[in-house]
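Student: My structure file model_3.cif, mmCIF, C-alpha atoms, is below:
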data_input
loop_
_atom_site.label_atom_id
_atom_site.label_comp_id
_atom_site.auth_asym_id
_atom_site.auth_seq_id
_atom_site.Cartn_x
_atom_site.Cartn_y
_atom_site.Cartn_z
CA MET H 1 46.50 153.02 104.07
CA ARG H 2 45.98 153.28 100.33
CA LEU H 3 49.75 152.89 99.79
CA VAL H 4 50.10 149.97 102.18
CA ALA H 5 47.26 147.85 100.76
CA PRO H 6 48.87 146.97 97.37
CA PHE H 7 52.14 146.02 99.10
CA ALA H 8 50.27 143.86 101.61
CA LEU H 9 48.39 142.15 98.77
CA VAL H 10 51.63 141.46 96.87
CA ALA H 11 53.28 140.13 100.05
CA LEU H 12 50.29 137.87 100.72
CA LEU H 13 50.31 136.52 97.15
CA ALA H 14 54.08 135.95 97.31
CA ALA H 15 53.68 134.05 100.57
CA LEU H 16 50.89 131.92 99.12
CA VAL H 17 52.84 131.14 95.95
CA GLY H 18 55.97 130.39 97.98
CA SER H 19 54.19 128.06 100.36
CA SER H 20 52.40 126.20 97.57
CA ALA H 21 55.67 125.81 95.68
CA ALA H 22 57.38 124.51 98.80
CA ALA H 23 54.52 122.08 99.39
CA GLY H 24 54.56 120.78 95.77
CA ARG H 25 58.31 120.66 95.36
CA PRO H 26 59.57 117.07 95.63
CA ASN H 27 62.12 116.24 98.26
CA ALA H 28 65.24 114.42 97.02
CA ALA H 29 65.69 112.46 100.27
CA ASP H 30 62.08 111.23 100.17
CA LEU H 31 62.42 110.16 96.54
CA GLU H 32 65.70 108.37 97.25
CA ALA H 33 63.92 106.37 99.96
CA GLU H 34 61.15 105.39 97.53
CA LEU H 35 63.32 104.33 94.61
CA VAL H 36 65.49 101.25 94.20
CA CYS H 37 69.00 100.96 92.81
CA PRO H 38 68.67 98.44 89.94
CA VAL H 39 72.11 96.96 90.58
CA CYS H 40 72.23 96.47 94.35
CA GLU H 41 68.43 96.38 94.80
CA THR H 42 68.39 98.51 97.93
CA THR H 43 66.79 101.93 98.10
CA LEU H 44 68.87 104.74 96.64
CA ASP H 45 69.46 106.35 100.03
CA GLN H 46 71.17 103.11 101.14
CA SER H 47 73.30 102.71 98.04
CA SER H 48 76.52 104.22 96.77
CA ALA H 49 76.73 102.08 93.61
CA PRO H 50 77.74 104.09 90.52
CA VAL H 51 74.29 103.76 88.95
CA ALA H 52 72.66 104.83 92.23
CA LEU H 53 74.86 107.94 92.38
CA ARG H 54 73.89 108.70 88.80
CA MET H 55 70.20 108.27 89.63
CA LYS H 56 70.53 110.59 92.63
CA ALA H 57 72.16 113.23 90.39
CA PHE H 58 69.31 112.74 87.88
CA ILE H 59 66.69 113.24 90.62
CA ARG H 60 68.33 116.47 91.84
CA ALA H 61 68.61 117.78 88.28
CA ARG H 62 64.93 117.05 87.59
CA ILE H 63 63.87 118.70 90.87
CA ALA H 64 65.91 121.77 89.91
CA ALA H 65 64.21 121.71 86.49
CA GLY H 66 60.82 121.84 88.24
CA ASP H 67 59.57 118.28 87.67
CA SER H 68 56.98 116.86 90.04
CA GLU H 69 57.60 113.73 92.11
CA GLN H 70 55.42 111.68 89.76
CA GLU H 71 57.20 113.00 86.66
CA ILE H 72 60.57 112.02 88.13
CA LYS H 73 59.32 108.55 89.06
CA ASP H 74 57.80 108.10 85.59
CA ALA H 75 61.08 109.14 83.96
CA LEU H 76 63.01 106.59 86.01
CA VAL H 77 60.45 103.86 85.34
CA ALA H 78 60.83 104.61 81.60
CA GLN H 79 64.57 103.93 81.94
CA PHE H 80 64.76 101.12 84.48
CA GLY H 81 61.27 99.58 84.51
CA PRO H 82 58.63 99.42 87.27
CA GLY H 83 61.01 97.54 89.59
CA VAL H 84 62.71 100.85 90.34
CA ILE H 85 59.77 101.85 92.55
CA ALA H 86 60.30 100.49 96.08
CA THR H 87 56.60 100.09 96.88
CA PRO H 88 54.63 97.60 94.80
CA SER H 89 52.02 98.87 92.36
CA LYS H 90 48.43 99.14 93.57
CA ARG H 91 47.24 97.57 90.34
CA GLY H 92 47.47 94.09 88.82
CA PHE H 93 49.79 91.58 90.46
CA GLY H 94 51.32 94.28 92.69
CA LEU H 95 47.95 94.68 94.39
CA LEU H 96 48.52 91.25 95.93
CA ALA H 97 51.38 92.64 98.01
CA TRP H 98 48.95 95.14 99.58
CA LEU H 99 46.04 92.72 100.03
CA LEU H 100 47.90 89.65 101.23
CA PRO H 101 48.98 91.12 104.61
CA LEU H 102 45.39 92.26 105.20
CA ALA H 103 44.12 88.78 104.33
CA VAL H 104 46.64 87.25 106.75
CA VAL H 105 45.52 89.62 109.54
CA VAL H 106 41.85 88.77 108.88
CA ALA H 107 42.64 85.03 108.82
CA ALA H 108 44.59 85.37 112.08
CA LEU H 109 41.66 87.22 113.72
CA VAL H 110 39.24 84.53 112.55
CA ALA H 111 41.57 81.82 113.87
CA VAL H 112 41.86 83.57 117.26
CA GLY H 113 38.07 83.96 117.37
CA VAL H 114 37.54 80.26 116.68
CA LEU H 115 40.08 79.27 119.33
CA VAL H 116 38.64 81.61 121.96
CA ARG H 117 35.15 80.29 121.26
CA SER H 118 36.26 76.69 121.57
CA TRP H 119 38.14 77.40 124.83
CA SER H 120 35.25 79.33 126.38
CA ARG H 121 32.85 76.52 125.53
CA ARG H 122 35.07 73.93 127.18
CA ARG H 123 35.64 75.96 130.35
CA ALA H 124 32.06 77.23 130.89
CA PRO H 125 30.40 75.78 134.05
CA PRO H 126 27.85 73.15 133.22
CA ASP H 127 24.26 74.38 133.39
CA GLU H 128 23.08 71.55 135.60
CA PRO H 129 20.16 72.05 138.01
CA GLU H 130 21.07 72.15 141.67
CA SER H 131 20.80 68.66 143.01
CA PRO H 132 18.10 68.31 145.74
CA LEU H 133 19.23 67.35 149.22
CA ASP H 134 18.69 63.78 150.23
CA PRO H 135 15.33 63.70 152.26
CA SER H 136 16.88 61.73 155.12
CA LEU H 137 19.78 64.16 155.31
CA GLU H 138 17.34 67.08 155.18
CA ARG H 139 15.32 65.64 158.04
CA LEU H 140 18.52 65.15 160.03
CA VAL H 141 19.56 68.77 159.49
CA ASP H 142 16.06 69.99 160.52
CA GLU H 143 16.21 67.94 163.73
CA GLU H 144 19.66 69.28 164.57
CA LEU H 145 18.56 72.86 163.95
CA ALA H 146 15.39 72.40 166.07
CA ARG H 147 17.51 71.04 168.92
CA PHE H 148 19.90 73.93 168.57
CA ASP H 149 17.04 76.47 168.63
CA GLY H 150 15.27 74.72 171.48
CA MET G 1 41.91 72.82 121.96
CA PRO G 2 39.51 70.39 120.31
CA ARG G 3 41.18 67.61 118.40
CA ARG G 4 39.59 68.65 115.10
CA VAL G 5 40.79 72.28 115.35
CA ARG G 6 44.29 71.10 116.29
CA LEU G 7 44.40 68.75 113.30
CA VAL G 8 43.29 71.54 110.92
CA ALA G 9 45.95 73.93 112.36
CA GLN G 10 48.65 71.27 111.98
CA GLY G 11 47.52 70.57 108.42
CA VAL G 12 47.65 74.27 107.52
CA ALA G 13 51.15 74.64 109.05
CA LEU G 14 52.38 71.56 107.18
CA GLY G 15 50.85 72.88 103.95
CA VAL G 16 52.66 76.23 104.35
CA VAL G 17 56.00 74.45 104.92
CA VAL G 18 55.47 72.22 101.85
CA LEU G 19 54.52 75.30 99.77
CA LEU G 20 57.72 77.08 100.84
CA PHE G 21 59.81 74.04 99.87
CA VAL G 22 58.09 73.87 96.48
CA LEU G 23 58.78 77.58 95.89
CA LEU G 24 62.44 77.13 96.87
CA ALA G 25 62.83 74.12 94.53
CA TRP G 26 61.10 75.99 91.71
CA SER G 27 63.38 79.02 92.07
CA LEU G 28 66.46 76.77 92.12
CA VAL G 29 65.35 74.88 89.01
CA ARG G 30 64.36 78.09 87.23
CA ASP G 31 67.62 79.92 88.04
CA THR G 32 69.80 78.15 85.48
CA GLY G 33 71.63 81.33 84.45
CA GLY G 34 74.71 80.62 86.51
CA ASP G 35 74.97 77.21 84.89
CA LEU G 36 75.09 78.74 81.40
CA ALA G 37 78.60 80.18 81.78
CA ALA G 38 79.74 77.18 83.83
CA ALA G 39 78.48 74.76 81.17
CA ALA G 40 80.16 76.77 78.39
CA ASN G 41 83.43 76.77 80.30
CA ARG G 42 83.14 72.97 80.76
CA GLY G 43 83.13 72.64 76.98
CA GLU G 44 79.36 72.18 76.60
CA ARG G 45 77.41 74.48 74.32
CA PRO G 46 74.21 75.55 76.08
CA GLU G 47 71.69 77.49 74.05
CA ALA G 48 71.78 81.24 74.63
CA PRO G 49 68.40 82.56 75.84
CA ASP G 50 66.69 84.51 73.09
CA PHE G 51 65.59 88.11 73.59
CA THR G 52 64.09 90.98 71.68
CA LEU G 53 65.25 94.40 72.86
CA GLU G 54 65.01 97.96 71.60
CA ARG G 55 67.98 99.19 69.63
CA LEU G 56 70.03 101.92 71.18
CA ASP G 57 71.83 102.68 67.93
CA GLY G 58 68.71 103.09 65.83
CA GLU G 59 64.99 102.57 65.52
CA GLY G 60 63.07 99.41 66.34
CA ALA G 61 64.08 96.24 68.09
CA LEU G 62 66.56 93.46 67.53
CA GLN G 63 65.94 89.79 68.21
CA LEU G 64 68.97 87.67 69.04
CA ALA G 65 67.53 84.78 67.03
CA SER G 66 67.63 86.98 63.91
CA LEU G 67 71.43 86.66 64.02
CA ARG G 68 71.35 82.86 63.62
CA GLY G 69 73.86 81.83 60.98
CA LYS G 70 76.39 84.33 62.29
CA ALA G 71 78.76 84.11 65.23
CA VAL G 72 77.94 86.66 67.93
CA VAL G 73 80.08 88.29 70.59
CA LEU G 74 77.45 89.44 73.10
CA ASN G 75 78.89 92.05 75.44
CA VAL G 76 76.87 93.16 78.50
CA TRP G 77 77.91 96.63 79.59
CA ALA G 78 76.79 99.90 81.20
CA SER G 79 78.09 103.44 80.91
CA TRP G 80 78.77 103.68 84.67
CA CYS G 81 80.97 100.55 84.60
CA LEU G 82 84.67 101.49 84.69
CA PRO G 83 86.16 98.29 83.15
CA CYS G 84 83.67 98.66 80.28
CA LYS G 85 85.48 101.86 79.27
CA ASP G 86 88.77 100.01 78.86
CA GLU G 87 87.11 97.16 77.01
CA ALA G 88 84.93 99.11 74.54
CA PRO G 89 87.72 100.19 72.11
CA TYR G 90 88.98 96.59 71.90
CA LEU G 91 85.50 95.26 71.10
CA GLU G 92 85.18 97.89 68.36
CA GLN G 93 88.44 96.56 66.88
CA VAL G 94 87.12 92.98 67.05
CA TRP G 95 83.96 94.09 65.23
CA ARG G 96 85.80 95.97 62.49
CA ARG G 97 88.28 93.14 61.89
CA ASN G 98 85.70 90.36 61.80
CA ARG G 99 82.44 91.82 60.50
CA SER G 100 83.18 90.59 56.99
CA ARG G 101 83.62 87.06 58.39
CA ASP G 102 80.01 86.73 59.59
CA LEU G 103 80.80 87.87 63.12
CA VAL G 104 78.52 90.35 64.91
CA VAL G 105 79.59 92.14 68.06
CA LEU G 106 76.34 92.92 69.88
CA GLY G 107 76.38 95.31 72.83
CA LEU G 108 73.72 94.86 75.49
CA ASP G 109 73.50 97.99 77.61
CA ALA G 110 71.66 97.24 80.87
CA LYS G 111 70.64 99.06 84.06
CA ASP G 112 71.64 102.34 82.55
CA PHE G 113 70.22 105.65 81.33
CA ARG G 114 69.73 105.70 77.55
CA MET G 115 71.28 109.17 77.29
CA ASP G 116 74.38 108.04 79.23
CA ALA G 117 74.69 104.97 77.04
CA ARG G 118 74.43 107.03 73.83
CA ARG G 119 77.09 109.40 75.18
CA PHE G 120 79.31 106.38 75.87
CA VAL G 121 78.77 105.08 72.33
CA ARG G 122 79.74 108.45 70.84
CA ARG G 123 82.75 108.85 73.14
CA PHE G 124 84.23 105.49 72.14
CA GLY G 125 83.09 105.63 68.51
CA LEU G 126 81.25 102.31 68.74
CA THR G 127 79.71 101.23 65.45
CA PHE G 128 78.50 97.70 66.31
CA PRO G 129 74.78 97.14 67.04
CA ILE G 130 73.68 97.86 70.58
CA VAL G 131 70.44 96.93 72.33
CA TYR G 132 69.05 98.46 75.51
CA ASP G 133 67.67 96.62 78.55
CA GLY G 134 67.08 99.25 81.25
CA PRO G 135 65.50 96.91 83.84
CA GLY G 136 68.11 94.22 83.07
CA SER G 137 65.43 91.57 82.59
CA THR G 138 67.59 89.48 80.24
CA LEU G 139 70.53 89.26 82.64
CA ASP G 140 69.19 86.48 84.88
CA GLY G 141 68.86 84.12 81.93
CA TYR G 142 72.56 84.57 81.20
CA GLY G 143 73.56 84.44 84.86
CA VAL G 144 75.15 87.88 84.65
CA THR G 145 76.38 88.88 88.09
CA GLY G 146 78.49 91.92 87.20
CA PHE G 147 79.53 94.27 84.44
CA PRO G 148 80.91 93.66 81.91
CA GLU G 149 80.34 90.08 80.85
CA THR G 150 80.86 88.65 77.37
CA PHE G 151 79.41 85.57 75.71
CA VAL G 152 80.60 84.14 72.40
CA LEU G 153 77.77 82.40 70.52
CA ASP G 154 78.19 80.09 67.57
CA ARG G 155 76.13 80.20 64.38
CA GLN G 156 73.40 78.08 66.02
CA GLY G 157 73.07 80.49 68.94
CA ARG G 158 74.90 78.29 71.44
CA VAL G 159 77.33 79.64 74.01
CA VAL G 160 80.91 78.67 73.14
CA GLU G 161 82.68 80.74 75.80
CA ALA G 162 81.76 83.12 78.59
CA PHE G 163 83.87 85.85 80.18
CA ALA G 164 83.01 87.27 83.60
CA GLY G 165 84.66 90.68 83.74
CA ALA G 166 86.34 92.70 81.03
CA VAL G 167 88.26 91.04 78.21
CA ASN G 168 91.27 93.23 78.82
CA SER G 169 94.16 90.94 79.68
CA ALA G 170 96.33 89.40 76.94
CA GLU G 171 95.26 85.95 78.13
CA ASP G 172 91.56 86.81 77.86
CA ARG G 173 92.04 88.26 74.40
CA VAL G 174 93.72 85.06 73.22
CA ARG G 175 90.76 83.13 74.67
CA LEU G 176 88.33 85.45 72.89
CA ARG G 177 90.05 85.02 69.52
CA SER G 178 90.04 81.27 69.98
CA ALA G 179 86.35 81.28 70.92
CA ILE G 180 85.52 83.39 67.87
CA GLN G 181 87.33 80.89 65.64
CA GLN G 182 85.34 78.04 67.20
CA ALA G 183 82.08 79.96 66.83
CA LEU G 184 82.73 80.77 63.18
CA SER G 185 83.72 77.24 62.32
CA SER G 186 80.62 75.65 63.89
#
Show this structure as structure tokens.

Tutor:
Amino acid sequence: MRLVAPFALVALLAALVGSSAAAGRPNAADLEAELVCPVCETTLDQSSAPVALRMKAFIRARIAAGDSEQEIKDALVAQFGPGVIATPSKRGFGLLAWLLPLAVVVAALVAVGVLVRSWSRRRAPPDEPESPLDPSLERLVDEELARFDG
Amino acid sequence: MPRRVRLVAQGVALGVVVLLFVLLAWSLVRDTGGDLAAAANRGERPEAPDFTLERLDGEGALQLASLRGKAVVLNVWASWCLPCKDEAPYLEQVWRRNRSRDLVVLGLDAKDFRMDARRFVRRFGLTFPIVYDGPGSTLDGYGVTGFPETFVLDRQGRVVEAFAGAVNSAEDRVRLRSAIQQALSS
């Protein structure tokens, strides 16, 4: 047992380190889907333009060198500008691209609410009191019923 | 639907359509780049859009307007562009032959890695000034649609001639020499 314990500890540590490295290691395919070719303006995974091939090679080299996803993106932004990132920034003017769809959804919900309210108002049955029966007609009905019972 | 709500909805829809038309018109008016080369090739001399870009061949930045008084051969290139490799040695010759005549060959490396561009410069022994525009933000103003493209500017910074594609054929080189003469004599 005393001999097994150190080996088990080392194996456990190795497994932990390995799994954390695998979790933190950027994936080339994911990065290629998140970055844009500056010439053809499609994502790198959709492009075979010379500059896109060069960028893909750069990404793989940086992954092999141990760079994080953010470091690779930052390096490419430093070369090609912020337009190389496929998703708009969550700051400044780019924030508009995230907020505008939400605003449109909210506006659409409000519009639907207003329409539904207006329709339901128009189609609701009028709250009028039940009209009383004409006294002569009522008397006639009573007479008919009395004759029927009698 | 109540008449008022319907009118508001129609107004909003009409407003959106008008806004889209305004945006379309604005983008068409703003996108004059394509007209720059066309105007130059019609014999007009449109003004070349000014820019200030970092130097690839040294420290600091270079502003195009600082070259006023000299003729400029502005060559847009990238290290991954194959025709640029054939063209680069010829442009170096043009620079060496004409630099004493107030002509500047200015390379504009765009949509490229700096390290690749510097390797390209070393490989072809380029000694003319080169600026770097990684995002390619200056290209729209010139209407650049491919690599390489070359613009010959006169001493007042106006476009005398524009070349889409490499200046590699004998015919294009005659045109370039003629444009340089015009630019220097302006």

Student: Which one of G:Arg123, G:Lys111, G:Lys85, G:Arg45 sits closest to Ala183 (chain G) if you count only C-alpha atoms?

Tutor: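 Checking each of G:Arg123, G:Lys111, G:Lys85, G:Arg45 against Ala183 (chain G), counting only C-alpha atoms, the winner is G:Arg45.
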
Student: Please write the residues picked by the PyMOL selection byres ((chain G) within 12 of (chain H)) on this file as a JSON list (two decimals) with C-alpha atoms, keeping the file's coordinate frame.

Tutor:
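Saved as expr-v8.json:
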[["chain", "number", "residue", "atom", "x", "y", "z"],
["G", 1, "MET", "CA", 41.91, 72.82, 121.96],
["G", 2, "PRO", "CA", 39.51, 70.39, 120.31],
["G", 3, "ARG", "CA", 41.18, 67.61, 118.40],
["G", 4, "ARG", "CA", 39.59, 68.65, 115.10],
["G", 5, "VAL", "CA", 40.79, 72.28, 115.35],
["G", 6, "ARG", "CA", 44.29, 71.10, 116.29],
["G", 8, "VAL", "CA", 43.29, 71.54, 110.92],
["G", 9, "ALA", "CA", 45.95, 73.93, 112.36],
["G", 12, "VAL", "CA", 47.65, 74.27, 107.52],
["G", 54, "GLU", "CA", 65.01, 97.96, 71.60],
["G", 78, "ALA", "CA", 76.79, 99.90, 81.20],
["G", 79, "SER", "CA", 78.09, 103.44, 80.91],
["G", 80, "TRP", "CA", 78.77, 103.68, 84.67],
["G", 81, "CYS", "CA", 80.97, 100.55, 84.60],
["G", 82, "LEU", "CA", 84.67, 101.49, 84.69],
["G", 109, "ASP", "CA", 73.50, 97.99, 77.61],
["G", 110, "ALA", "CA", 71.66, 97.24, 80.87],
["G", 111, "LYS", "CA", 70.64, 99.06, 84.06],
["G", 112, "ASP", "CA", 71.64, 102.34, 82.55],
["G", 113, "PHE", "CA", 70.22, 105.65, 81.33],
["G", 114, "ARG", "CA", 69.73, 105.70, 77.55],
["G", 115, "MET", "CA", 71.28, 109.17, 77.29],
["G", 116, "ASP", "CA", 74.38, 108.04, 79.23],
["G", 117, "ALA", "CA", 74.69, 104.97, 77.04],
["G", 132, "TYR", "CA", 69.05, 98.46, 75.51],
["G", 133, "ASP", "CA", 67.67, 96.62, 78.55],
["G", 134, "GLY", "CA", 67.08, 99.25, 81.25],
["G", 135, "PRO", "CA", 65.50, 96.91, 83.84],
["G", 136, "GLY", "CA", 68.11, 94.22, 83.07],
["G", 137, "SER", "CA", 65.43, 91.57, 82.59],
["G", 139, "LEU", "CA", 70.53, 89.26, 82.64],
["G", 144, "VAL", "CA", 75.15, 87.88, 84.65],
["G", 145, "THR", "CA", 76.38, 88.88, 88.09],
["G", 146, "GLY", "CA", 78.49, 91.92, 87.20],
["G", 147, "PHE", "CA", 79.53, 94.27, 84.44]]

Student: Could you jot down the CA of Gly15 (chain G) to CA of Leu99 (chain H) separation for me, Å, one decimal place?

Tutor: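 Going from CA of Gly15 (chain G) over to CA of Leu99 (chain H) covers 20.8 Å.
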
Student: What does the distance from CA of Thr42 (chain H) to CA of Arg55 (chain G) come to in Å, to one decimal?

Tutor: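 Computed distance, CA of Thr42 (chain H) to CA of Arg55 (chain G), equals 28.3 Å.
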
Student: Contacts of Phe151 (chain G) at 7 Å or less, counting all atoms listed in the file, minus same-chain residues fewer than 2 places along, as a compact mmCIF listing (two decimals) with C-alpha atoms, keeping the file's coordinate frame?

Tutor:
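Below you can see out-v8.txt, which holds the result:
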# COMPACT_ATOMS: atom_id res chain seq x y z
CA VAL G 73 80.08 88.29 70.59
CA LEU G 74 77.45 89.44 73.10
CA ASN G 75 78.89 92.05 75.44
CA GLU G 149 80.34 90.08 80.85
CA LEU G 153 77.77 82.40 70.52
CA VAL G 159 77.33 79.64 74.01
CA GLU G 161 82.68 80.74 75.80
CA ALA G 162 81.76 83.12 78.59
CA PHE G 163 83.87 85.85 80.18

Student: Enter the distance from CA of Phe124 (chain G) to CA of Asp86 (chain G), in Å, rounded to one decimal.

Tutor: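 Distance reported for this atom pair: 9.8 Å.
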
Student: Report as a VMD selection string all protein, DNA and RNA residues lying within 12 Å of Asp67 (chain H), evaluated on all atoms listed in the file, omitting residues in the same chain fewer than 2 positions from it.

Tutor: chain H and resid 21 24 to 28 58 to 65 69 to 75
